[in-house]
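Chemist: My file is final15.tsv. It has TSV, C-alpha atoms:
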chain	number	residue	atom	x	y	z
A	1	MET	CA	0.00	0.00	0.00
A	2	GLU	CA	2.80	2.45	0.87
A	3	LEU	CA	4.40	1.60	-2.45
A	4	HIS	CA	1.26	2.60	-4.36
A	5	ILE	CA	1.15	5.96	-2.56
A	6	LEU	CA	4.86	6.55	-3.22
A	7	LEU	CA	4.51	5.65	-6.90
A	8	ILE	CA	1.51	7.95	-7.37
A	9	PHE	CA	3.49	10.72	-5.68
A	10	MET	CA	6.39	10.02	-8.06
A	11	ILE	CA	4.06	10.21	-11.07
A	12	PHE	CA	2.66	13.58	-9.95
A	13	ALA	CA	6.15	14.96	-9.30
A	14	ALA	CA	7.27	13.72	-12.73
A	15	ILE	CA	4.32	15.48	-14.41
A	16	VAL	CA	5.24	18.69	-12.56
A	17	ALA	CA	8.88	18.27	-13.59
A	18	ILE	CA	7.97	17.87	-17.24
A	19	GLU	CA	5.30	20.58	-17.41
A	20	ALA	CA	6.60	23.35	-15.12
A	21	LYS	CA	7.34	26.64	-16.87
A	22	ASP	CA	10.32	27.50	-14.67
A	23	LEU	CA	13.45	25.40	-15.13
A	24	LEU	CA	14.55	25.61	-11.49
A	25	SER	CA	11.19	24.33	-10.19
A	26	SER	CA	11.23	21.44	-12.64
A	27	VAL	CA	14.72	20.50	-11.42
A	28	ILE	CA	13.49	20.53	-7.83
A	29	ALA	CA	10.50	18.37	-8.81
A	30	VAL	CA	12.82	15.80	-10.38
A	31	GLY	CA	14.71	15.81	-7.09
A	32	ALA	CA	11.44	14.92	-5.36
A	33	VAL	CA	11.05	11.96	-7.73
A	34	GLY	CA	14.55	10.77	-6.87
A	35	PHE	CA	14.10	10.98	-3.10
A	36	ALA	CA	10.75	9.17	-3.33
A	37	LEU	CA	12.58	6.47	-5.30
A	38	CYS	CA	15.08	6.24	-2.43
A	39	LEU	CA	12.19	5.63	0.01
A	40	ALA	CA	10.70	3.02	-2.35
A	41	PHE	CA	14.03	1.15	-2.35
A	42	LEU	CA	13.96	1.13	1.46
A	43	ILE	CA	10.43	-0.35	1.45
A	44	LEU	CA	11.48	-2.95	-1.14
A	45	LYS	CA	14.24	-4.15	1.24
A	46	ALA	CA	17.20	-2.79	-0.71
A	47	PRO	CA	19.19	-0.65	1.76
A	48	ASP	CA	22.36	-0.50	-0.38
A	49	LEU	CA	20.39	0.89	-3.29
A	50	ALA	CA	18.71	3.47	-1.06
A	51	ILE	CA	22.07	4.79	0.17
A	52	THR	CA	23.51	4.94	-3.36
A	53	GLN	CA	20.38	6.59	-4.74
A	54	LEU	CA	20.52	9.27	-2.02
A	55	VAL	CA	24.14	10.20	-2.81
A	56	VAL	CA	23.61	10.10	-6.58
A	57	GLU	CA	20.44	12.18	-6.32
A	58	VAL	CA	22.19	14.93	-4.35
A	59	LEU	CA	25.03	15.04	-6.91
A	60	CYS	CA	22.53	15.07	-9.80
A	61	LEU	CA	20.63	17.97	-8.26
A	62	ILE	CA	23.84	19.98	-7.82
A	63	ILE	CA	24.83	19.35	-11.46
A	64	LEU	CA	21.35	20.20	-12.80
A	65	ILE	CA	21.09	23.41	-10.75
A	66	ARG	CA	24.55	24.43	-12.00
A	67	ALA	CA	23.23	24.02	-15.53
A	68	THR	CA	19.94	25.87	-15.10
A	69	ILE	CA	20.62	28.73	-12.70
A	70	ASN	CA	20.62	32.22	-14.25
A	71	ARG	CA	19.47	30.87	-17.60
A	72	ASP	CA	16.14	32.02	-18.96
A	73	LEU	CA	13.59	29.79	-20.64
A	74	PRO	CA	12.24	31.18	-23.90
A	75	LEU	CA	8.64	30.05	-24.25
A	76	VAL	CA	7.82	29.08	-27.79
A	77	ILE	CA	4.72	27.06	-28.58
A	78	GLU	CA	4.54	27.71	-32.30
A	79	GLY	CA	5.66	25.11	-34.85
A	80	ARG	CA	4.32	21.77	-35.95
A	81	TRP	CA	2.21	21.16	-32.87
A	82	ILE	CA	-0.12	18.49	-34.28
A	83	PHE	CA	2.64	16.51	-36.01
A	84	ASN	CA	4.82	16.47	-32.88
A	85	THR	CA	1.99	15.38	-30.60
A	86	ILE	CA	0.82	12.63	-32.92
A	87	SER	CA	4.31	11.20	-33.41
A	88	THR	CA	4.85	11.23	-29.64
A	89	LEU	CA	1.57	9.40	-29.08
A	90	VAL	CA	2.51	6.83	-31.73
A	91	PHE	CA	5.82	6.14	-29.99
A	92	ILE	CA	4.07	5.74	-26.61
A	93	ALA	CA	1.49	3.40	-28.16
A	94	VAL	CA	4.21	1.20	-29.67
A	95	PHE	CA	5.97	1.07	-26.30
A	96	LEU	CA	2.75	0.17	-24.49
A	97	PHE	CA	1.99	-2.60	-27.00
A	98	PHE	CA	5.36	-4.28	-26.51
A	99	SER	CA	5.25	-3.81	-22.74
A	100	TRP	CA	1.81	-5.46	-22.71
A	101	LEU	CA	3.30	-8.43	-24.57
A	102	ALA	CA	6.13	-8.58	-22.03
A	103	LEU	CA	3.96	-8.17	-18.94
A	104	LYS	CA	2.03	-11.33	-19.79
A	105	GLU	CA	5.21	-13.39	-19.44
A	106	LEU	CA	6.50	-11.86	-16.22
A	107	PRO	CA	6.07	-13.54	-12.82
A	108	SER	CA	3.48	-11.80	-10.66
A	109	PHE	CA	4.58	-9.29	-8.04
A	110	GLY	CA	5.96	-10.85	-4.87
A	111	GLN	CA	6.95	-14.23	-6.31
A	112	PRO	CA	10.31	-13.87	-8.06
A	113	LEU	CA	11.85	-16.74	-10.01
A	114	MET	CA	15.14	-16.88	-8.01
A	115	THR	CA	16.78	-19.43	-10.33
A	116	VAL	CA	20.18	-17.79	-10.87
A	117	VAL	CA	20.49	-16.48	-7.36
A	118	LYS	CA	19.98	-19.82	-5.62
A	119	LYS	CA	23.65	-20.67	-5.96
A	120	TYR	CA	24.76	-17.26	-4.72
A	121	LEU	CA	22.52	-17.53	-1.66
A	122	ALA	CA	23.80	-21.01	-0.83
A	123	GLU	CA	27.51	-20.37	-1.33
A	124	GLY	CA	27.81	-16.61	-0.88
A	125	THR	CA	28.92	-16.43	2.72
A	126	THR	CA	31.28	-19.42	2.65
A	127	LYS	CA	32.92	-18.60	-0.71
A	128	THR	CA	33.38	-14.85	-0.42
A	129	GLY	CA	33.23	-14.19	3.31
A	130	ALA	CA	30.85	-11.27	2.75
A	131	VAL	CA	27.77	-11.10	4.96
A	132	ASN	CA	25.94	-8.81	2.56
A	133	ILE	CA	24.95	-10.84	-0.50
A	134	VAL	CA	24.65	-7.76	-2.74
A	135	THR	CA	28.27	-6.78	-2.17
A	136	ALA	CA	29.27	-10.42	-2.59
A	137	VAL	CA	27.63	-10.40	-6.02
A	138	ILE	CA	28.99	-7.09	-7.30
A	139	LEU	CA	32.51	-7.39	-5.89
A	140	ASP	CA	33.14	-11.12	-6.21
A	141	PHE	CA	30.83	-13.16	-8.43
A	142	ARG	CA	30.40	-10.37	-10.97
A	143	ALA	CA	33.53	-8.32	-10.40
A	144	TYR	CA	34.06	-7.71	-14.13
A	145	ASP	CA	30.77	-5.80	-14.16
A	146	THR	CA	32.12	-3.47	-11.53
A	147	LEU	CA	35.37	-3.07	-13.48
A	148	GLY	CA	33.34	-2.10	-16.54
A	149	GLU	CA	31.32	0.35	-14.44
A	150	ALA	CA	34.52	2.04	-13.26
A	151	THR	CA	35.70	2.23	-16.87
A	152	VAL	CA	32.43	3.87	-17.95
A	153	LEU	CA	32.67	6.41	-15.11
A	154	PHE	CA	36.25	7.36	-16.01
A	155	THR	CA	35.29	7.68	-19.67
A	156	ALA	CA	32.42	9.99	-18.68
A	157	VAL	CA	34.81	12.12	-16.59
A	158	ILE	CA	37.28	12.35	-19.49
A	159	GLY	CA	34.40	13.38	-21.78
A	160	ILE	CA	33.23	16.08	-19.36
A	161	MET	CA	36.76	17.46	-19.07
A	162	ALA	CA	37.15	17.50	-22.85
A	163	VAL	CA	33.82	19.29	-23.33
A	164	LEU	CA	34.02	21.84	-20.54
A	165	ARG	CA	37.76	22.67	-20.71
A	166	ARG	CA	38.61	26.31	-21.29
A	167	PRO	CA	41.17	27.09	-24.02
A	168	GLY	CA	44.65	27.70	-22.67
A	169	ARG	CA	46.43	31.07	-22.58
A	170	LYS	CA	48.53	30.31	-25.67
A	171	LYS	CA	45.46	29.68	-27.82
A	172	ILE	CA	43.74	32.91	-26.69
A	173	GLU	CA	46.81	34.98	-27.54
A	174	ARG	CA	46.89	33.53	-31.00
B	175	MET	CA	0.54	-6.14	-11.20
B	176	SER	CA	-0.77	-2.64	-10.51
B	177	LEU	CA	2.71	-1.62	-9.34
B	178	TYR	CA	4.14	-2.68	-12.71
B	179	LEU	CA	1.49	-0.57	-14.46
B	180	LEU	CA	2.28	2.50	-12.33
B	181	CYS	CA	5.95	2.00	-13.20
B	182	LEU	CA	5.01	1.93	-16.90
B	183	VAL	CA	3.06	5.17	-16.47
B	184	LEU	CA	6.19	6.78	-15.00
B	185	PHE	CA	8.19	5.53	-18.00
B	186	CYS	CA	5.62	6.97	-20.41
B	187	ILE	CA	5.83	10.39	-18.73
B	188	GLY	CA	9.59	10.36	-19.22
B	189	LEU	CA	9.19	9.26	-22.85
B	190	TYR	CA	6.70	12.09	-23.46
B	191	GLY	CA	9.18	14.59	-22.02
B	192	VAL	CA	12.00	13.31	-24.22
B	193	LEU	CA	9.96	13.26	-27.43
B	194	ARG	CA	7.72	16.29	-27.08
B	195	LYS	CA	9.63	19.01	-25.20
B	196	ARG	CA	11.86	21.45	-27.01
B	197	ASN	CA	13.99	22.54	-24.09
B	198	LEU	CA	17.29	20.67	-23.66
B	199	VAL	CA	17.05	20.60	-19.86
B	200	LYS	CA	13.52	19.19	-20.05
B	201	ILE	CA	14.81	16.42	-22.34
B	202	ILE	CA	17.55	15.58	-19.85
B	203	ILE	CA	14.99	15.50	-17.03
B	204	GLY	CA	12.87	13.11	-19.11
B	205	LEU	CA	15.89	10.82	-19.54
B	206	GLY	CA	16.39	10.87	-15.77
B	207	ILE	CA	12.75	9.93	-15.14
B	208	ILE	CA	13.03	6.99	-17.58
B	209	GLU	CA	16.13	5.81	-15.75
B	210	TYR	CA	14.38	6.01	-12.35
B	211	SER	CA	11.39	4.01	-13.57
B	212	LEU	CA	13.60	1.27	-15.05
B	213	ASN	CA	15.63	0.93	-11.85
B	214	LEU	CA	12.44	0.69	-9.82
B	215	PHE	CA	11.03	-1.92	-12.23
B	216	PHE	CA	14.04	-4.23	-11.79
B	217	VAL	CA	13.89	-4.00	-8.01
B	218	LEU	CA	10.12	-4.66	-8.10
B	219	LEU	CA	10.79	-7.83	-10.11
B	220	GLY	CA	13.07	-9.15	-7.38
B	221	TYR	CA	10.79	-8.42	-4.42
B	222	LYS	CA	9.36	-11.28	-2.42
B	223	PHE	CA	6.40	-11.00	-0.05
B	224	HIS	CA	7.51	-10.69	3.60
B	225	GLY	CA	11.10	-10.92	2.42
B	226	ARG	CA	14.13	-9.75	4.36
B	227	ALA	CA	17.01	-7.60	3.15
B	228	PRO	CA	19.76	-9.82	1.64
B	229	ILE	CA	22.13	-9.54	4.59
B	230	ASP	CA	23.07	-12.58	6.68
B	231	ALA	CA	22.84	-12.32	10.44
B	232	GLN	CA	25.39	-13.71	12.88
B	233	ASP	CA	23.75	-16.73	14.50
B	234	GLN	CA	20.57	-17.31	12.58
B	235	ILE	CA	19.63	-18.66	9.18
B	236	ILE	CA	17.43	-16.35	7.12
B	237	LEU	CA	15.38	-18.28	4.60
B	238	ASN	CA	13.08	-15.63	3.14
B	239	MET	CA	15.39	-13.19	1.35
B	240	VAL	CA	14.49	-10.90	-1.54
B	241	ASP	CA	16.38	-11.49	-4.80
B	242	PRO	CA	19.82	-9.81	-4.48
B	243	LEU	CA	20.83	-10.11	-8.15
B	244	PRO	CA	18.62	-7.29	-9.57
B	245	GLN	CA	19.74	-5.11	-6.68
B	246	ALA	CA	23.39	-5.67	-7.58
B	247	LEU	CA	22.77	-4.86	-11.25
B	248	VAL	CA	20.70	-1.77	-10.43
B	249	LEU	CA	23.50	-0.54	-8.15
B	250	THR	CA	25.76	-0.47	-11.21
B	251	SER	CA	23.05	1.18	-13.30
B	252	ILE	CA	22.45	4.02	-10.82
B	253	VAL	CA	26.12	5.04	-10.80
B	254	ILE	CA	26.36	4.88	-14.60
B	255	GLY	CA	23.21	7.05	-14.77
B	256	LEU	CA	25.03	9.73	-12.78
B	257	GLY	CA	27.88	9.66	-15.31
B	258	ILE	CA	25.46	9.94	-18.24
B	259	THR	CA	23.58	12.87	-16.65
B	260	ALA	CA	26.81	14.74	-15.92
B	261	LEU	CA	28.10	14.26	-19.50
B	262	VAL	CA	24.82	15.34	-21.12
B	263	ILE	CA	24.51	18.37	-18.85
B	264	SER	CA	28.06	19.48	-19.68
B	265	ILE	CA	27.26	19.25	-23.40
B	266	ALA	CA	24.09	21.30	-22.78
B	267	ILE	CA	26.07	23.99	-20.91
B	268	ARG	CA	28.49	24.20	-23.86
B	269	ILE	CA	25.59	24.51	-26.33
B	270	TYR	CA	24.09	27.33	-24.23
B	271	GLU	CA	27.40	29.19	-24.26
B	272	LYS	CA	27.64	28.87	-28.04
B	273	TYR	CA	24.03	29.59	-29.08
B	274	GLY	CA	22.53	31.44	-26.11
B	275	THR	CA	19.45	29.23	-25.89
B	276	PHE	CA	18.27	25.79	-24.80
B	277	ASP	CA	15.64	25.57	-27.58
B	278	ILE	CA	16.49	22.64	-29.86
B	279	THR	CA	14.77	24.14	-32.91
B	280	LYS	CA	17.08	27.18	-32.79
B	281	ILE	CA	20.23	25.04	-32.72
B	282	LYS	CA	20.49	24.41	-36.43
B	283	ARG	CA	23.46	26.25	-37.81
B	284	LEU	CA	26.94	24.75	-37.84
B	285	ARG	CA	29.40	27.21	-36.36
B	286	GLY	CA	33.08	26.47	-36.12
Take the structure in the file and give it back as structure tokens.
Modeler:
Amino acid sequence: MELHILLIFMIFAAIVAIEAKDLLSSVIAVGAVGFALCLAFLILKAPDLAITQLVVEVLCLIILIRATINRDLPLVIEGRWIFNTISTLVFIAVFLFFSWLALKELPSFGQPLMTVVKKYLAEGTTKTGAVNIVTAVILDFRAYDTLGEATVLFTAVIGIMAVLRRPGRKKIER
Amino acid sequence: MSLYLLCLVLFCIGLYGVLRKRNLVKIIIGLGIIEYSLNLFFVLLGYKFHGRAPIDAQDQIILNMVDPLPQALVLTSIVIGLGITALVISIAIRIYEKYGTFDITKIKRLRG
């Protein structure tokens, strides 16, 4: 029941974030979505995810506010209004059709399959020595995933530095 | 099942924002909402009724754990989402410096 309330709150906050006229208020609304997601992870018994989501959400908010502060939002509604709306609705309809096909095959809520994870649950503590099964999975059984994650993060940092770097003094003089 | 449907509604709102809005920051916010809904969907798939968090206790055997594998994968996905958001926002800041607007229909000309 709490999950339904949280999800409806998230949907309302997402609508506000998409439709608000002011950029700063839409950024704050997306922050509300993220913190509600953190609470939902806590209810779904995923404390590691809740901690990570909290930290990531704060960083995301700082980055988004840095991008939007002191920048005006020109309001233009002209253009191909009907064509844009219809193409958007077509995309959403295609997505809903395929998700309906997929939802028929999924196990119902509350009864997961647990086929892959059976081995991890049986051998996790004795093989890795980690009490927390989630850390045993990401740092031991699937450590290459975490290596790839670190690679992606460093690539993103290199990209940000390449995009945001100011030109040096020599280049300006020339 | 109703939780899955609410999750899909959240995804559709994000998709609408990405496809329909003309402001770059709104598009990035739509991407973030899509990412949130997908993470939540994976964790919902691994939830078990009356389950416990996947952490072993000292002197007792816990039989009814939720599925820890989607949680581990979503943990990776959340951190990568932060990297993606930071990269896209830095590109948007650069575009604003060059063109003076976030409107994607005004960003047409190639300027060296």
Chemist: Excluding segment 264-272 of chain B and its own-chain neighbours fewer than 4 positions away, which residues fall within 9 Å of it when counting all atoms listed in the file? Please give them as a list in words.
Modeler: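 Surrounding residues, per the criterion: Ile63, Ala67, Thr68, Arg71, Ile160, Met161, Val163 and Leu164 of chain A; Leu198, Val199, Thr259, Ala260, Phe276, Ile281 and Arg285 of chain B.
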Chemist: For segment 93-98 of chain A, find every residue with an atom within 10 Å (counting only C-alpha atoms), except residues of its own chain fewer than 3 positions away, and show them as a VMD selection string.
Modeler: (chain A and resid 87 to 90 101 to 103) or (chain B and resid 182 to 183 185 to 186 189)
Chemist: Mind checking which residues fall within 12 Å of Met1 of chain A, counting all atoms listed in the file, ignoring those fewer than 4 positions away in the same chain, and posting them as a PyMOL selection string?
Modeler: (chain A and resi 5-8+40+43-44) or (chain B and resi 176-177)
Chemist: Atom CA of Cys181 of chain B to atom CA of Ser211 of chain B: how many Å, to one decimal?
Modeler: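 Atom CA of Ser211 of chain B lies 5.8 Å from atom CA of Cys181 of chain B.
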Chemist: Quick one: distance from atom CA of Ala32 of chain A to atom CA of Ala13 of chain A in Å, one decimal?
Modeler: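 So the two atoms, atom CA of Ala32 of chain A and atom CA of Ala13 of chain A, lie 6.6 Å apart.
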Chemist: Mind checking which residues fall within 12 Å of segment 239-243 of chain B, counting all atoms listed in the file, ignoring those fewer than 3 positions away in the same chain, and posting them as a ChimeraX atom specification?
Modeler: /A:43-49,109-122,124,132-138,141-142 /B:216-231,235-236,246-250
Chemist: May I ask which of the residues A:Leu42, A:Ala156, A:Leu139, A:Val58 is the closest one to chain B, counting only C-alpha atoms?
Modeler: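 Once distances to chain B are computed over only C-alpha atoms, the minimum belongs to A:Ala156.
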Chemist: Separation of atom CA of Arg165 of chain A and atom CA of Val262 of chain B, in Å?
Modeler: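 About the pair atom CA of Arg165 of chain A and atom CA of Val262 of chain B: they are 14.9 Å apart.
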Chemist: Go through A:Ile11, A:Ala150, A:Val16, A:Val55 and flag the residue nearest chain B, using only C-alpha atoms for the distances.
Modeler: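 Under the stated criterion, the closest residue is A:Ile11.
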Chemist: Kindly indicate which residue among A:Ala29, A:Arg80, A:Asp22, A:His4 lies nearest to Gly206 of chain B, using all atoms listed in the file for the distances.
Modeler: A:Ala29
Chemist: Measuring atom to atom with all atoms listed in the file, identify which of A:Phe41, A:Ser25, A:Thr128, A:Ala143 is nearest to chain B.
Modeler: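 Among A:Phe41, A:Ser25, A:Thr128, A:Ala143, it is A:Phe41 that comes nearest to chain B.
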